[in-house]
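Undergrad: For reference, this is coords.txt, and it has compact mmCIF, C-alpha atoms.
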# COMPACT_ATOMS: atom_id res chain seq x y z
CA MET A 25 115.26 133.54 67.60
CA SER A 26 112.83 134.80 65.09
CA GLY A 27 109.37 133.40 64.57
CA ASP A 28 109.12 134.93 61.15
CA HIS A 29 112.38 134.72 59.29
CA HIS A 30 111.99 134.16 55.62
CA ASN A 31 114.03 131.56 53.86
CA THR A 32 114.15 131.92 50.12
CA ASP A 33 116.96 129.38 49.77
CA ASP A 34 116.09 126.72 47.20
CA THR A 35 117.24 123.93 49.51
CA GLY A 36 114.92 125.03 52.30
CA PRO A 37 111.17 125.52 52.40
CA ALA A 38 111.02 126.31 48.68
CA ALA A 39 112.21 122.79 47.84
CA ARG A 40 109.78 121.20 50.26
CA VAL A 41 106.85 123.12 48.79
CA LYS A 42 107.98 122.17 45.28
CA ALA A 43 107.89 118.51 46.31
CA LEU A 44 104.43 118.89 47.84
CA GLU A 45 103.15 120.50 44.69
CA ALA A 46 104.68 117.72 42.57
CA ILE A 47 103.10 114.95 44.64
CA LEU A 48 99.64 116.41 44.73
CA THR A 49 99.77 117.33 41.05
CA GLU A 50 100.84 113.83 40.04
CA LYS A 51 97.97 112.38 42.03
CA GLY A 52 95.59 114.70 40.25
CA LEU A 53 94.51 116.31 43.50
CA ILE A 54 95.57 119.83 42.57
CA ASP A 55 96.90 121.56 39.51
CA SER A 56 99.43 124.32 39.19
CA ALA A 57 97.04 126.62 37.37
CA ALA A 58 94.71 126.55 40.37
CA ILE A 59 97.62 127.39 42.67
CA ASP A 60 98.65 130.29 40.41
CA ALA A 61 95.07 131.56 40.45
CA ILE A 62 94.78 131.45 44.23
CA VAL A 63 98.09 133.24 44.73
CA ASP A 64 96.98 135.91 42.26
CA ILE A 65 93.60 136.36 43.96
CA TYR A 66 95.20 137.04 47.36
CA GLU A 67 97.97 139.20 45.92
CA THR A 68 95.74 141.37 43.78
CA ARG A 69 92.04 141.08 44.58
CA VAL A 70 91.26 139.95 48.12
CA GLY A 71 92.67 142.34 50.70
CA PRO A 72 91.90 145.13 53.14
CA ARG A 73 90.42 147.28 50.36
CA ASN A 74 87.37 144.99 50.55
CA GLY A 75 86.94 145.67 54.26
CA ALA A 76 87.50 149.38 53.68
CA ARG A 77 84.56 149.43 51.27
CA VAL A 78 82.38 147.72 53.89
CA VAL A 79 83.38 150.27 56.53
CA ALA A 80 82.89 153.27 54.21
CA LYS A 81 79.41 152.06 53.34
CA ALA A 82 78.58 151.52 57.02
CA TRP A 83 79.72 155.09 57.74
CA THR A 84 77.57 156.65 55.01
CA ASP A 85 74.51 154.39 54.94
CA PRO A 86 72.77 153.93 58.34
CA ALA A 87 70.55 151.12 57.05
CA TYR A 88 73.64 149.23 55.81
CA ARG A 89 75.42 149.81 59.14
CA LYS A 90 72.42 148.27 60.91
CA ARG A 91 72.46 145.25 58.60
CA LEU A 92 76.23 144.88 59.05
CA LEU A 93 75.96 144.85 62.83
CA ALA A 94 73.02 142.43 62.71
CA ASN A 95 74.55 139.99 60.20
CA ALA A 96 77.98 140.85 58.84
CA THR A 97 78.22 137.75 56.63
CA SER A 98 75.18 138.73 54.55
CA ALA A 99 75.97 142.48 54.63
CA VAL A 100 79.50 141.79 53.36
CA ALA A 101 78.08 139.46 50.69
CA GLU A 102 75.92 142.34 49.46
CA LEU A 103 79.16 143.98 48.29
CA GLY A 104 80.28 140.76 46.62
CA PHE A 105 82.76 139.59 49.25
CA ALA A 106 82.67 135.98 50.46
CA GLY A 107 84.89 132.94 50.67
CA PRO A 108 87.03 130.81 52.99
CA GLU A 109 87.36 132.15 56.55
CA GLY A 110 84.44 134.47 55.88
CA GLU A 111 81.58 132.05 56.41
CA HIS A 112 80.66 133.55 59.80
CA LEU A 113 81.60 137.21 59.97
CA VAL A 114 80.79 139.50 62.88
CA ALA A 115 81.32 143.27 62.89
CA VAL A 116 82.12 145.07 66.15
CA GLU A 117 81.98 148.83 66.34
CA ASN A 118 84.46 151.20 67.95
CA THR A 119 83.08 154.28 69.70
CA ASP A 120 84.58 156.93 71.98
CA ARG A 121 83.75 154.59 74.90
CA VAL A 122 84.50 151.12 73.52
CA HIS A 123 87.57 149.93 71.64
CA ASN A 124 87.62 146.47 70.03
CA LEU A 125 90.73 144.45 69.28
CA ILE A 126 90.93 141.18 67.32
CA VAL A 127 93.38 138.34 67.91
CA CYS A 128 93.60 134.56 67.56
CA THR A 129 95.76 133.23 70.38
CA LEU A 130 95.86 129.61 69.14
CA CYS A 131 96.86 130.12 65.51
CA SER A 132 96.13 133.22 63.45
CA CYS A 133 92.48 133.10 62.37
CA TYR A 134 91.58 136.18 60.36
CA PRO A 135 88.67 137.28 58.13
CA TRP A 136 90.25 136.63 54.72
CA PRO A 137 87.42 137.86 52.44
CA VAL A 138 87.43 141.35 53.95
CA LEU A 139 91.04 141.81 55.08
CA GLY A 140 93.02 139.39 52.91
CA LEU A 141 95.74 137.27 54.49
CA PRO A 142 97.06 138.40 57.87
CA PRO A 143 100.27 140.43 58.17
CA VAL A 144 103.29 138.99 59.97
CA TRP A 145 102.65 141.01 63.14
CA TYR A 146 99.17 139.51 63.51
CA LYS A 147 100.70 136.02 63.27
CA SER A 148 103.60 136.89 65.58
CA PHE A 149 104.05 135.27 68.97
CA ALA A 150 104.32 138.73 70.57
CA TYR A 151 100.83 139.69 69.37
CA ARG A 152 99.15 136.32 69.97
CA SER A 153 100.49 136.04 73.53
CA ARG A 154 99.89 139.55 74.81
CA ALA A 155 96.76 140.86 73.05
CA VAL A 156 94.50 139.10 75.59
CA SER A 157 96.47 139.84 78.76
CA ASP A 158 97.84 143.32 78.00
CA PRO A 159 95.79 144.83 75.17
CA ARG A 160 96.62 148.42 76.12
CA GLY A 161 100.33 147.58 76.12
CA VAL A 162 100.02 145.98 72.67
CA LEU A 163 98.21 149.08 71.39
CA LYS A 164 101.11 151.20 72.70
CA ASP A 165 103.45 149.10 70.53
CA PHE A 166 101.40 150.46 67.63
CA GLY A 167 101.54 154.01 68.98
CA LEU A 168 97.93 154.04 70.10
CA GLU A 169 97.27 155.16 73.65
CA LEU A 170 93.66 154.91 74.81
CA ALA A 171 92.10 157.08 77.49
CA PRO A 172 91.75 155.16 80.80
CA GLU A 173 87.95 155.40 80.74
CA VAL A 174 87.72 153.62 77.37
CA GLU A 175 86.58 150.02 77.68
CA VAL A 176 88.69 147.51 75.75
CA ARG A 177 87.05 144.40 74.34
CA VAL A 178 89.41 141.76 73.00
CA TRP A 179 87.88 139.17 70.68
CA ASP A 180 89.89 135.92 70.58
CA SER A 181 88.71 134.39 67.31
CA SER A 182 89.79 130.84 68.08
CA ALA A 183 86.52 129.23 66.92
CA ALA A 184 84.52 129.71 63.70
CA ILE A 185 83.61 133.41 63.97
CA ARG A 186 85.83 135.94 62.17
CA TYR A 187 85.68 139.55 63.33
CA LEU A 188 85.89 142.91 61.60
CA VAL A 189 86.26 146.14 63.56
CA ILE A 190 84.28 149.12 62.29
CA PRO A 191 86.64 151.94 63.24
CA GLU A 192 85.44 155.35 64.36
CA ARG A 193 84.85 157.74 61.50
CA PRO A 194 87.34 160.57 61.94
CA LYS A 195 86.12 164.13 62.34
CA GLY A 196 86.57 166.32 59.29
CA THR A 197 85.33 163.65 56.88
CA GLU A 198 81.79 164.98 56.65
CA GLY A 199 80.68 165.24 53.07
CA MET A 200 83.36 162.89 51.74
CA SER A 201 82.18 160.34 49.20
CA GLU A 202 82.03 156.64 50.00
CA ASP A 203 84.98 156.02 47.64
CA ALA A 204 87.07 158.75 49.27
CA LEU A 205 86.26 157.37 52.70
CA ALA A 206 87.19 153.83 51.64
CA ALA A 207 90.60 155.19 50.63
CA ILE A 208 91.40 156.34 54.18
CA VAL A 209 90.31 153.17 56.00
CA THR A 210 93.38 151.17 57.00
CA ARG A 211 93.84 147.45 57.60
CA ASP A 212 95.18 148.07 61.10
CA SER A 213 92.09 150.07 62.08
CA MET A 214 89.90 147.13 61.04
CA VAL A 215 91.84 144.78 63.34
CA GLY A 216 91.66 147.38 66.11
CA VAL A 217 95.34 148.28 66.55
CA ALA A 218 94.99 151.78 65.07
CA LYS A 219 92.59 154.65 64.71
CA ILE A 220 92.09 156.49 61.45
CA ALA A 221 93.67 159.91 61.38
CA ALA A 222 91.60 162.80 60.08
CA PRO A 223 92.75 163.57 56.55
CA THR A 224 94.65 166.84 56.38
CA SER A 225 94.77 167.19 52.62
CA ARG A 226 93.87 165.00 49.73
CA ARG A 227 94.83 165.09 46.13
CA GLY A 228 92.23 165.16 43.38
CA GLY A 229 89.19 165.80 45.54
CA SER A 230 87.50 168.24 47.83
CA ALA A 231 89.86 168.47 50.77
CA PRO A 232 87.84 168.47 53.96
CA ALA A 233 88.68 171.04 56.58
CA ARG A 234 90.90 169.89 59.42
CA ALA A 235 88.86 168.97 62.48
CA MET B 2 96.68 119.72 73.68
CA ASN B 3 98.80 121.89 75.95
CA GLY B 4 101.21 122.90 73.23
CA VAL B 5 103.40 125.93 72.80
CA HIS B 6 100.87 127.19 70.24
CA ASP B 7 98.46 128.03 73.10
CA MET B 8 100.05 131.42 73.69
CA GLY B 9 97.36 133.59 75.25
CA GLY B 10 98.76 135.28 78.37
CA MET B 11 102.40 134.25 77.88
CA ASP B 12 105.20 136.77 78.43
CA GLY B 13 108.62 137.24 76.93
CA PHE B 14 107.99 137.50 73.20
CA GLY B 15 108.84 141.20 73.20
CA PRO B 16 107.10 144.09 71.48
CA VAL B 17 104.92 143.64 68.40
CA VAL B 18 106.97 144.57 65.34
CA HIS B 19 105.11 146.23 62.50
CA GLU B 20 106.51 145.88 58.99
CA GLN B 21 105.69 148.82 56.72
CA ASN B 22 104.32 148.07 53.23
CA GLU B 23 104.38 144.36 53.87
CA PRO B 24 103.85 142.14 50.81
CA VAL B 25 101.12 139.47 50.93
CA PHE B 26 103.77 136.77 50.50
CA HIS B 27 107.46 137.29 51.29
CA ALA B 28 108.60 134.52 48.93
CA GLY B 29 107.07 132.55 46.10
CA TRP B 30 106.89 129.33 48.14
CA GLU B 31 104.75 131.03 50.80
CA GLY B 32 101.99 131.70 48.29
CA ARG B 33 102.23 128.19 46.89
CA VAL B 34 102.02 126.37 50.22
CA TYR B 35 99.13 128.64 51.20
CA ALA B 36 97.30 127.70 48.00
CA ILE B 37 98.12 123.98 48.31
CA ALA B 38 96.75 123.82 51.86
CA SER B 39 93.68 125.87 50.88
CA ILE B 40 92.88 123.53 48.00
CA ALA B 41 93.44 120.48 50.19
CA VAL B 42 91.00 121.83 52.79
CA GLY B 43 88.59 123.15 50.16
CA ARG B 44 88.45 119.79 48.41
CA GLY B 45 87.97 117.90 51.65
CA LEU B 46 91.31 116.08 51.41
CA ILE B 47 92.03 117.29 54.93
CA ASN B 48 89.84 119.12 57.40
CA ALA B 49 90.79 122.46 58.91
CA ASP B 50 90.78 121.04 62.45
CA GLU B 51 93.23 118.23 61.69
CA PHE B 52 95.37 120.74 59.81
CA ARG B 53 95.53 122.97 62.92
CA HIS B 54 96.28 119.92 65.05
CA ALA B 55 99.10 118.92 62.69
CA ILE B 56 100.63 122.37 63.25
CA GLU B 57 100.21 121.97 67.01
CA ARG B 58 102.12 118.68 66.88
CA ILE B 59 105.28 120.32 65.57
CA PRO B 60 107.84 119.93 68.40
CA PRO B 61 107.83 123.14 70.48
CA ALA B 62 111.40 124.21 69.74
CA ARG B 63 110.86 123.76 66.01
CA TYR B 64 107.48 125.49 66.20
CA LEU B 65 109.09 128.56 67.76
CA ALA B 66 111.93 128.62 65.25
CA SER B 67 109.67 128.31 62.20
CA SER B 68 107.87 131.02 60.30
CA TYR B 69 104.10 130.86 59.84
CA TYR B 70 104.19 129.25 56.40
CA GLU B 71 107.02 126.89 57.37
CA ARG B 72 104.58 125.52 59.93
CA TRP B 73 102.06 125.09 57.12
CA ILE B 74 104.55 123.02 55.10
CA ALA B 75 105.23 120.82 58.11
CA ALA B 76 101.51 120.26 58.67
CA VAL B 77 100.81 119.27 55.05
CA GLU B 78 103.83 116.90 55.12
CA THR B 79 102.63 115.33 58.38
CA LEU B 80 99.19 114.69 56.95
CA LEU B 81 100.63 113.21 53.74
CA VAL B 82 102.64 110.78 55.83
CA GLU B 83 99.56 109.87 57.82
CA ARG B 84 97.67 109.29 54.58
CA ARG B 85 100.50 106.89 53.70
CA VAL B 86 101.66 108.79 50.65
CA VAL B 87 105.03 108.14 52.28
CA THR B 88 105.55 105.15 54.56
CA ARG B 89 107.01 105.23 58.05
CA LYS B 90 109.68 102.74 56.94
CA GLU B 91 110.86 105.09 54.24
CA LEU B 92 110.86 107.96 56.69
CA LEU B 93 112.94 106.06 59.24
CA ALA B 94 115.56 105.52 56.59
CA LYS B 95 116.48 109.16 57.04
CA GLU B 96 118.74 109.79 60.00
CA ASP B 97 117.12 112.90 61.40
CA GLY B 98 113.57 111.77 60.68
CA ALA B 99 113.01 114.74 58.38
CA ILE B 100 111.01 114.30 55.24
CA ASP B 101 113.03 114.03 52.05
CA PRO B 102 111.26 115.88 49.20
CA ALA B 103 112.68 113.49 46.59
CA LEU B 104 111.46 110.50 48.59
CA ILE B 105 107.96 111.91 48.75
CA ALA B 106 107.91 112.58 45.03
CA ASN B 107 109.06 109.00 44.30
CA ALA B 108 106.49 107.49 46.64
CA VAL B 109 103.66 109.17 44.80
CA ALA B 110 103.83 106.84 41.86
CA THR B 111 103.39 103.68 43.94
CA GLN B 112 101.22 104.62 46.91
CA GLY B 113 97.87 106.26 47.24
CA PRO B 114 96.52 108.24 50.16
CA ALA B 115 94.62 106.39 52.88
CA PRO B 116 90.96 107.35 52.88
CA ILE B 117 89.61 109.62 55.60
CA LYS B 118 86.90 108.03 57.72
CA VAL B 119 84.50 110.40 59.42
CA LYS B 120 81.92 109.08 61.82
CA THR B 121 78.76 111.11 61.72
CA GLU B 122 76.09 111.18 64.32
CA LYS B 123 72.74 112.83 64.67
CA ARG B 124 72.32 114.66 67.91
CA PRO B 125 69.63 117.28 68.32
CA PRO B 126 71.70 120.37 69.05
CA ARG B 127 69.63 122.09 71.71
CA ALA B 128 71.20 125.11 73.41
CA ARG B 129 72.08 124.39 77.01
CA PHE B 130 72.89 127.99 77.94
CA ALA B 131 70.90 131.20 77.52
CA LYS B 132 72.27 134.70 77.00
CA GLY B 133 73.30 136.21 80.32
CA ALA B 134 73.90 132.84 82.01
CA ARG B 135 77.01 132.56 84.16
CA VAL B 136 79.26 129.72 83.08
CA ARG B 137 82.65 128.32 83.90
CA ALA B 138 85.13 127.08 81.33
CA ARG B 139 85.91 123.50 82.30
CA ASN B 140 89.39 122.57 83.43
CA LEU B 141 90.19 120.19 80.58
CA ASN B 142 93.62 119.07 79.45
CA PRO B 143 92.94 116.84 76.45
CA SER B 144 95.95 115.24 74.78
CA GLY B 145 94.39 115.82 71.35
CA HIS B 146 93.21 118.94 69.58
CA THR B 147 91.16 121.52 71.45
CA ARG B 148 90.10 125.12 70.91
CA LEU B 149 89.78 125.75 74.63
CA PRO B 150 92.77 127.97 75.45
CA ARG B 151 94.60 127.38 78.73
CA TYR B 152 94.23 130.95 79.94
CA VAL B 153 90.47 130.58 80.35
CA ARG B 154 90.20 127.13 81.94
CA GLY B 155 88.46 127.19 85.31
CA LYS B 156 87.46 130.83 84.81
CA ALA B 157 83.94 132.23 85.11
CA GLY B 158 82.26 134.26 82.40
CA VAL B 159 78.89 135.27 81.02
CA ILE B 160 77.19 134.03 77.85
CA ALA B 161 77.14 137.10 75.59
CA ARG B 162 75.76 135.47 72.44
CA ASP B 163 74.79 132.09 71.06
CA TRP B 164 76.41 131.74 67.63
CA GLY B 165 74.44 128.62 66.75
CA VAL B 166 75.58 125.09 65.98
CA PHE B 167 79.10 124.23 64.78
CA VAL B 168 81.20 121.11 64.25
CA PHE B 169 83.21 120.26 67.39
CA PRO B 170 86.95 120.58 66.62
CA ASP B 171 88.09 118.28 69.44
CA THR B 172 86.50 115.25 67.77
CA ASN B 173 86.51 116.40 64.16
CA ALA B 174 90.30 116.81 64.17
CA HIS B 175 90.63 113.10 64.95
CA HIS B 176 87.87 111.88 62.61
CA ALA B 177 85.92 110.82 65.69
CA GLY B 178 82.70 112.51 64.68
CA THR B 179 81.52 116.04 64.00
CA LYS B 180 79.57 116.22 67.30
CA PRO B 181 77.67 119.39 66.29
CA GLN B 182 76.83 121.66 69.21
CA HIS B 183 76.23 125.26 70.16
CA CYS B 184 79.15 127.64 70.30
CA TYR B 185 78.83 130.79 72.42
CA SER B 186 80.57 134.10 72.78
CA VAL B 187 81.58 134.14 76.45
CA ALA B 188 82.66 137.41 78.09
CA PHE B 189 85.42 137.18 80.69
CA ASP B 190 86.44 140.07 82.91
CA ALA B 191 90.18 140.75 82.73
CA ARG B 192 90.38 140.55 86.53
CA GLU B 193 88.87 137.06 86.47
CA LEU B 194 91.51 135.97 83.94
CA TRP B 195 94.61 137.83 85.11
CA GLY B 196 93.96 138.71 88.75
CA LYS B 197 92.85 141.72 90.74
CA ALA B 198 95.62 143.95 89.41
CA ALA B 199 94.19 143.70 85.88
CA ASN B 200 92.28 146.56 84.33
CA SER B 201 88.58 146.60 85.26
CA ARG B 202 87.78 148.18 81.89
CA GLU B 203 88.98 145.21 79.85
CA GLN B 204 87.15 142.09 78.78
CA VAL B 205 88.06 139.12 76.64
CA TYR B 206 85.35 137.61 74.47
CA LEU B 207 86.07 134.01 73.59
CA ASP B 208 83.99 131.68 71.39
CA LEU B 209 83.51 128.43 73.28
CA TRP B 210 81.74 125.20 72.39
CA GLU B 211 79.16 123.80 74.80
CA ASP B 212 81.37 120.86 75.82
CA TYR B 213 83.89 123.39 77.18
CA LEU B 214 81.38 124.95 79.55
CA GLU B 215 79.62 124.12 82.79
CA PRO B 216 76.86 126.12 84.45
CA ILE B 217 77.47 128.17 87.57
CA ALA B 218 74.50 127.78 89.86
CA SER B 219 72.93 131.11 90.70
CA SER B 220 73.02 132.07 94.40
CA SER B 221 69.27 131.47 94.76
CA LYS B 222 69.70 127.97 93.31
CA ARG B 223 72.62 127.30 95.65
CA GLN B 224 70.56 128.44 98.63
CA ALA B 225 67.70 126.20 97.56
CA THR B 226 70.08 123.25 97.29
CA ARG B 227 71.51 124.02 100.74
CA ARG B 228 68.01 124.28 102.26
CA GLN B 229 67.09 120.96 100.68
CA THR B 230 70.25 119.34 102.07
CA GLU B 231 69.57 120.78 105.53
CA ARG B 232 65.99 119.57 105.43
CA ARG B 233 67.11 116.09 104.42
CA SER B 234 69.75 115.82 107.13
CA GLY B 235 67.36 117.31 109.71
CA GLY B 236 64.77 114.63 108.96
CA ARG B 237 67.09 111.81 109.75
Once you've parsed the file, please lay out its structure as structure tokens.
TA:
Amino acid sequence: MSGDHHNTDDTGPAARVKALEAILTEKGLIDSAAIDAIVDIYETRVGPRNGARVVAKAWTDPAYRKRLLANATSAVAELGFAGPEGEHLVAVENTDRVHNLIVCTLCSCYPWPVLGLPPVWYKSFAYRSRAVSDPRGVLKDFGLELAPEVEVRVWDSSAAIRYLVIPERPKGTEGMSEDALAAIVTRDSMVGVAKIAAPTSRRGGSAPARA
Amino acid sequence: MNGVHDMGGMDGFGPVVHEQNEPVFHAGWEGRVYAIASIAVGRGLINADEFRHAIERIPPARYLASSYYERWIAAVETLLVERRVVTRKELLAKEDGAIDPALIANAVATQGPAPIKVKTEKRPPRARFAKGARVRARNLNPSGHTRLPRYVRGKAGVIARDWGVFVFPDTNAHHAGTKPQHCYSVAFDARELWGKAANSREQVYLDLWEDYLEPIASSSKRQATRRQTERRSGGR
């Protein structure tokens, strides 16, 4: 059994979606150009790079970090990011004492404007079932082992709030520009299943010393 | 509803598998059904709560065997049928009860969607709970849509934050009113949820609507109630 097999067969889901599109188009409820545009937006513009810019700014600008923690929706909008599933954003911050992890056990709610559409693992039954009851075990699946004294906070986003984790800024990144920092922030770290590794060397910029 | 979708705390699904360099959509149809559903919700043709409920109504075995976007197709089809874009009679003509794409396309020309009726009501949404209050998630098992996961029912937690007033999914999904009310972030200790063997350094924060919660009387209140009861019975 697989919860996430992909059927590209024209007689399967592709045909059903084609029929749906035909019906709604004929009724004048949607048009194909709008569908093309939405697909393009999520394939090319809205994705984890948006969230990475938010995090990099929070790391380098203490006033912005404060605004982000107080009201993430408006702080994210300052950078031009908004839209469906981003109406009520909340940022939670990882420290050396507290680790935050985001899940939606009932479906797969996710903060689209800052992270794009969720990856298959986030939507998987394995993740949805176990993130609340065995978060440390789930993190081990991702190769992340937390010290026993670290407190784990799991946020089950099954209502209207969508969460963004502000990961810990790795050591050895002092003096890096906001753009360079944004480039090292990963999607997984903003969901809370990974930490960001200290950069060892970087092309085309001042390589920070290893921590 | 107590469907298979309510997965929090279940075992047996194995390790989380991480796909490297995953594309946004794995096939063209995934992007298109995503966009169709988004437009339908965005334009108010369907509401997000009834869309989630339509996914929850997929029979459990089929739910588990379907991919994420296959469940989206099923939900949009279900709602089109309920809007009478396709009639039940036409559906029953098919042996396995599955929706025939050609049939749907043909039905479009002759039948329009049934209008959505939403009852609205004005209720002053005053917050019943303050930050720090101890609350218990009610033991509810509604047959319709709910965003109260099973793993938390009957469990005690603490109000961490009041998020403000939101539409109530349990009624909104069935067009029975928006019933706006406060929704709170409630912190649950892992040991309360999963037993004494659970890690004391883990908490689950769940966003719960007011109708899902009941107050837990503080010990001083309980003592006062007991004293009152004793006084009353002593006076008889």
Undergrad: Here is a test: counting all atoms listed in the file, which residue of B:Val82, B:Val34, B:Met2, B:Leu46 is nearest to Arg58 in chain B?
TA: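 Nearest candidate to Arg58 in chain B out of B:Val82, B:Val34, B:Met2, B:Leu46: B:Met2.
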Undergrad: Identify, on the basis of all atoms listed in the file, every residue whose closest approach to Ile217 in chain B does not exceed 9 Å; exclude the query and any residue fewer than 4 positions from it along the same chain; express the result as a list of chain:residue names.
TA: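 What passes the distance filter is B:Ala134, B:Arg135, B:Val136, B:Arg137, B:Ala157.
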Undergrad: For chain B, which of A:Ala206, A:Val138, A:Leu103, A:Val114 is the closest residue, counting only C-alpha atoms?
TA: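 Going through A:Ala206, A:Val138, A:Leu103, A:Val114 one by one, the smallest distance to chain B is for A:Val114.
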Undergrad: Kindly give the distance, in Å, that separates CA of Glu175 in chain A and CA of Tyr152 in chain B, rounded to a single decimal.
TA: 20.7 Å
Undergrad: Would you pick out the contacts of Ala138 in chain B at 8 Å or less, using all atoms listed in the file, so that residues sharing its chain but fewer than 3 positions from it are not included, and give the list as an MDAnalysis selection string?
TA: chainID B and resid 153:158 213:215
Undergrad: Could you tell me how far CA of Gly4 in chain B lies from CA of Glu57 in chain B, in Å and to one decimal?
TA: 6.4 Å
Undergrad: Quote the spacing between CA of Ala76 in chain B and CA of Phe52 in chain B in Å to one decimal place.
TA: 6.3 Å
Undergrad: Excluding Leu130 in chain A and any residue of its chain fewer than 4 positions from it, enumerate the residues within 9 Å of it, using only C-alpha atoms, and give them as a VMD selection string.
TA: (chain A and resid 152 180 to 182) or (chain B and resid 6 to 9 148 150)
Undergrad: Excluding same-chain residues fewer than 4 positions from range 202-212 of chain B, what lies within 7 Å of it counting all atoms listed in the file, as a ChimeraX atom specification?
TA: /A:156,175-183 /B:149,182-191
Undergrad: Considering only C-alpha atoms, can you say which of B:Arg129, B:His175, B:Lys180, B:Arg192 comes closest to chain A?
TA: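 With only C-alpha atoms as the atom set, the closest residue is B:Arg192.
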Undergrad: Got a sec: who's within 10 Å of range 83-97 of chain A, counting all atoms listed in the file, leaving out chain neighbours fewer than 5 positions off, as a ChimeraX atom specification?
TA: /A:77-78,102,105-106,110-117,186-188,190-193,198-202,205-206
Undergrad: From the list A:Lys147, A:Lys81, A:Arg73, A:Lys219, which residue is nearest chain B when using all atoms listed in the file?
TA: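 Smallest distance to chain B is found for A:Lys147.
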Undergrad: Go through B:Pro126, B:Gly145, B:Pro216, B:Gly196 one by one, measure the shortest atom-to-atom distance of each to Glu51 in chain B using only C-alpha atoms, and give the residue with the smallest value.
TA: B:Gly145
Undergrad: Would you mind telling me which residue in A:Cys133, A:Ala82, A:Val162, A:Leu141 lies nearest to Ile62 in chain A when using all atoms listed in the file?
TA: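 Of all the options, A:Leu141 lies closest to Ile62 in chain A.
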Undergrad: Can you complete the atoms of range 140-144 of chain A to all heavy atoms and list them as a JSON list (two decimals), keeping the file's coordinate frame?
TA:
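File produced: out38.json:
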[["chain", "number", "residue", "atom", "x", "y", "z"],
["A", 140, "GLY", "N", 91.93, 140.10, 53.57],
["A", 140, "GLY", "CA", 93.02, 139.39, 52.91],
["A", 140, "GLY", "C", 93.74, 138.51, 53.91],
["A", 140, "GLY", "O", 93.20, 138.16, 54.96],
["A", 141, "LEU", "N", 94.97, 138.13, 53.58],
["A", 141, "LEU", "CA", 95.74, 137.27, 54.49],
["A", 141, "LEU", "C", 96.41, 138.13, 55.56],
["A", 141, "LEU", "O", 96.78, 139.27, 55.30],
["A", 141, "LEU", "CB", 96.76, 136.46, 53.70],
["A", 141, "LEU", "CG", 96.13, 135.52, 52.66],
["A", 141, "LEU", "CD1", 97.21, 134.79, 51.87],
["A", 141, "LEU", "CD2", 95.18, 134.53, 53.32],
["A", 142, "PRO", "N", 96.55, 137.57, 56.77],
["A", 142, "PRO", "CA", 97.06, 138.40, 57.87],
["A", 142, "PRO", "C", 98.52, 138.80, 57.69],
["A", 142, "PRO", "O", 99.33, 138.04, 57.15],
["A", 142, "PRO", "CB", 96.89, 137.48, 59.09],
["A", 142, "PRO", "CG", 96.81, 136.10, 58.56],
["A", 142, "PRO", "CD", 96.20, 136.21, 57.20],
["A", 143, "PRO", "N", 98.86, 140.00, 58.19],
["A", 143, "PRO", "CA", 100.27, 140.43, 58.17],
["A", 143, "PRO", "C", 101.08, 139.66, 59.19],
["A", 143, "PRO", "O", 100.52, 139.02, 60.09],
["A", 143, "PRO", "CB", 100.18, 141.91, 58.56],
["A", 143, "PRO", "CG", 98.94, 142.01, 59.40],
["A", 143, "PRO", "CD", 97.98, 140.99, 58.83],
["A", 144, "VAL", "N", 102.40, 139.73, 59.08],
["A", 144, "VAL", "CA", 103.29, 138.99, 59.97],
["A", 144, "VAL", "C", 103.05, 139.36, 61.44],
["A", 144, "VAL", "O", 103.04, 138.49, 62.31],
["A", 144, "VAL", "CB", 104.77, 139.19, 59.56],
["A", 144, "VAL", "CG1", 105.71, 138.73, 60.67],
["A", 144, "VAL", "CG2", 105.06, 138.39, 58.29]]
